[in-house]
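First up is the structure itself, then whatever we jot down about it.
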Amino acid sequence: MIAFIIDILLTGGFVAYGMNTHDSPWSDFPVTAAPFVIALVIAWLIIPRVREQPFSLVSGAIVALLTAGIGLALRAGFGQGVSGAFPIVATVMIAALFLGWRLIALLINQVRQK
């Protein structure tokens, strides 16, 4: 459950950072975050490995790719922008966030075991 919460918080942070960068009104946060949050929940629900091994880098990669891919598709379906470099930036940022915290956790765990 903690891994899911971390992923949700990082997704919210990603959206907040993007909105702040583009001077978007904070009242749009729920609508802007919704496609990626929905995609994240879908990833966690449909892939058993993610729930069974939530801290693994493989699970992080799966969740990142599904969150970015489904999130961008939903964003387009909701009539929100997906043009230009945004799909690339979103995918790279989500992957960096989801894999980054898992890598840090893995390294901390290895240091503790020594």
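Labeling convention for the structure tokens: chains A, B, ... as they appear, residues from 1 per chain, ligands from 1 in order of appearance.
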Would you kindly return, as a list in words, each protein, DNA or RNA residue with an atom no farther than 8 Å from any atom of segment 87-91 of chain A, considering only C-alpha atoms and excluding same-chain residues fewer than 4 positions away?
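The contact residues come out as Ala64, Leu65, Ala68, Gly69, Leu72, Val82, Ser83 and Ala95 of chain A.
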Just checking: using only C-alpha atoms, which residue out of A:Asn20, A:Ser59, A:Gln53, A:Gln80 ends up closest to Ala34 of chain A?
A:Gln80
Tell me, in Å to one decimal, how far atom CA of Leu97 of chain A is from atom CA of Gly71 of chain A.
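Atom CA of Leu97 of chain A sits 15.2 Å away from atom CA of Gly71 of chain A.
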Identify which of the residues A:Ile108, A:Pro48, A:Ser56, A:Ala33 lies closest to Leu9 of chain A, counting only C-alpha atoms when measuring atom-to-atom distances.
A:Ala33
My list of candidates is A:Pro30, A:Pro35, A:Gly100, A:Gly84. Which is closest to Leu10 of chain A when distances are computed with only C-alpha atoms?
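Closest candidate: A:Gly100.
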Ile46 of chain A surroundings by only C-alpha atoms, 12 Å radius, close-in-sequence under 5 positions cut, as a CSV table (one decimal) with C-alpha atoms, in the first residue's frame:
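This went into selection12.csv:
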chain,number,residue,atom,x,y,z
A,39,ALA,CA,-4.3,5.3,-15.3
A,40,LEU,CA,-2.2,4.7,-12.2
A,41,VAL,CA,-5.1,3.0,-10.5
A,51,ARG,CA,0.7,-5.6,-6.2
A,52,GLU,CA,2.8,-8.7,-5.4
A,62,ILE,CA,5.3,-1.4,-15.7
A,63,VAL,CA,3.4,1.2,-13.6
A,66,LEU,CA,0.9,2.2,-18.2
A,67,THR,CA,0.4,5.4,-16.2
